[in-house]
Every structure is written in C-alpha cells, then in structure tokens.
Amino acid sequence: MRTLKFQSEPYQYTEINLKANDTDICLHVSEEDREAAVWEAQLTKGDIREWTGQMAEPNQKGNSLSMGPFVDKHREVLIREVPLVEPVLDGLKSEKLLTDEQYDFVRSRTTSQDKMRALYDFIRSWGDGDKSKLYNILKDTNKPLVRRLEQEDGSIC
C-alpha cells in the first residue's frame, strides 16, 4: 500500500493510502452540510506512479505498462491539436528516437499539423516501448491535451 501526502488547508497535510494495483482515482471534497463538491480532481495511474516514485507496473510479459496504443488511437486528435511540435521533437531526439535527418525533416514542415503528420510517418514502425516514450513526452509537453484524451477514454470521474 502506498501513501500520498500533500498540503491541504486548514490541515497540515492529508494522506491517501493506495494499493499498488489501484487505477485512476477521483477525489471529491465537499462541505459536511452540502452534497455538491467544492473541489474535484482526478489522479491517473501516471500521477500516482510519479508521486510515489513507483515504476510502471509490469504486464503479463514482464514488460513495462505500454502507452503505445494511446498514441495510435489518438493519432488524428494529436495531429490536429498539438500546438508546438518542437518540444516533442527535442524530447524524441534526446531519447535517440529520431535521427538528425528525421528531426530536421519534421521541423522543416510549415504547420504544426504537417509536422505531426511527418512525425507519425516515422513512428509508424516503432514498437510500443518507443511509442510509450512519445506518450510520456507528449504528456510532459501537452499535459492538458493528454489528460483530456485520457478522460475521453473512460477514465473520467
């Protein structure tokens, strides 16, 4: 079981105990005399792993949990809505997932949509592990978009 501690007013901190296999968690805070929540938040498995320092949970084959299908499933939306592709490219280059030529080719495209289409031409042949790295980079550089897509996948509160 993991314990998350964070600051909350008027208390010094709050603890939430989680089993290691918990999935997304919805938090609701309401006043005692009211049913309506005054604050809501969602913790994804990624948030929980990040806060607890927990590594990705192994799947049946012993590999890390893969987010490759997320990148494939949301291709159209990611192409249409990722506003700045350069930070994504920089992350992929530092992970050695793009060659200098691929990096320059994608950057030479005019619009962000054209850049993402060119990037998807390269990642088509990647395995789930490399696509998971792309997912993590997208989550770091485009957190609101990725969170919205995760919620649309059915993990909303």
# chains A, B, ... in the order shown; residues from 1 in each chain; ligands from 1
>>> residues_around(residues="segment 98-104 of chain A", least_positions_apart="5", cutoff="9 Å", atoms="only C-alpha atoms", output="PyMOL selection string")
chain A and resi 89-90+92-93+118-119+122
>>> residues_around(residues="Trp126 of chain A", least_positions_apart="5", cutoff="10 Å", atoms="only C-alpha atoms", output="list in words")
Gly68, Leu97, Tyr120, Lys131 and Ser132 of chain A
>>> write_last_selection(atoms="N, CA, C and O atoms", output="PDB file, in the first residue's frame")
ATOM      1  N   GLY A  68       1.709   2.778 -25.928  1.00  0.00           N
ATOM      2  CA  GLY A  68       1.749   2.827 -27.386  1.00  0.00           C
ATOM      3  C   GLY A  68       0.377   2.894 -28.015  1.00  0.00           C
ATOM      4  O   GLY A  68       0.143   3.700 -28.929  1.00  0.00           O
ATOM      5  N   LEU A  97      15.344   8.676 -30.440  1.00  0.00           N
ATOM      6  CA  LEU A  97      14.300   8.032 -31.238  1.00  0.00           C
ATOM      7  C   LEU A  97      14.193   8.648 -32.624  1.00  0.00           C
ATOM      8  O   LEU A  97      13.533   8.078 -33.494  1.00  0.00           O
ATOM      9  N   TYR A 120       4.396  11.198 -37.478  1.00  0.00           N
ATOM     10  CA  TYR A 120       3.672   9.924 -37.493  1.00  0.00           C
ATOM     11  C   TYR A 120       4.161   9.010 -38.618  1.00  0.00           C
ATOM     12  O   TYR A 120       4.089   7.790 -38.491  1.00  0.00           O
ATOM     13  N   LYS A 131       6.760   4.095 -28.548  1.00  0.00           N
ATOM     14  CA  LYS A 131       5.540   4.907 -28.562  1.00  0.00           C
ATOM     15  C   LYS A 131       5.174   5.344 -27.144  1.00  0.00           C
ATOM     16  O   LYS A 131       4.625   6.428 -26.948  1.00  0.00           O
ATOM     17  N   SER A 132       5.494   4.510 -26.160  1.00  0.00           N
ATOM     18  CA  SER A 132       5.262   4.904 -24.773  1.00  0.00           C
ATOM     19  C   SER A 132       6.150   6.086 -24.392  1.00  0.00           C
ATOM     20  O   SER A 132       5.735   6.971 -23.641  1.00  0.00           O
TER      21      SER A 132
END
>>> residues_around(residues="segment 73-83 of chain A", least_positions_apart="4", cutoff="12 Å", atoms="only C-alpha atoms", output="JSON, numbers by chain")
{"A": [67, 68, 69, 87, 88, 89, 111, 112, 113, 114, 115, 116, 117, 118, 119, 120, 121, 123, 124, 131, 134, 135, 137, 138, 139, 141, 142, 143, 144, 145, 146, 148, 149, 150, 152, 153]}
>>> atom_distance(atom1="atom CA of Leu84 of chain A", atom2="atom CA of Asp140 of chain A")
12.2 Å
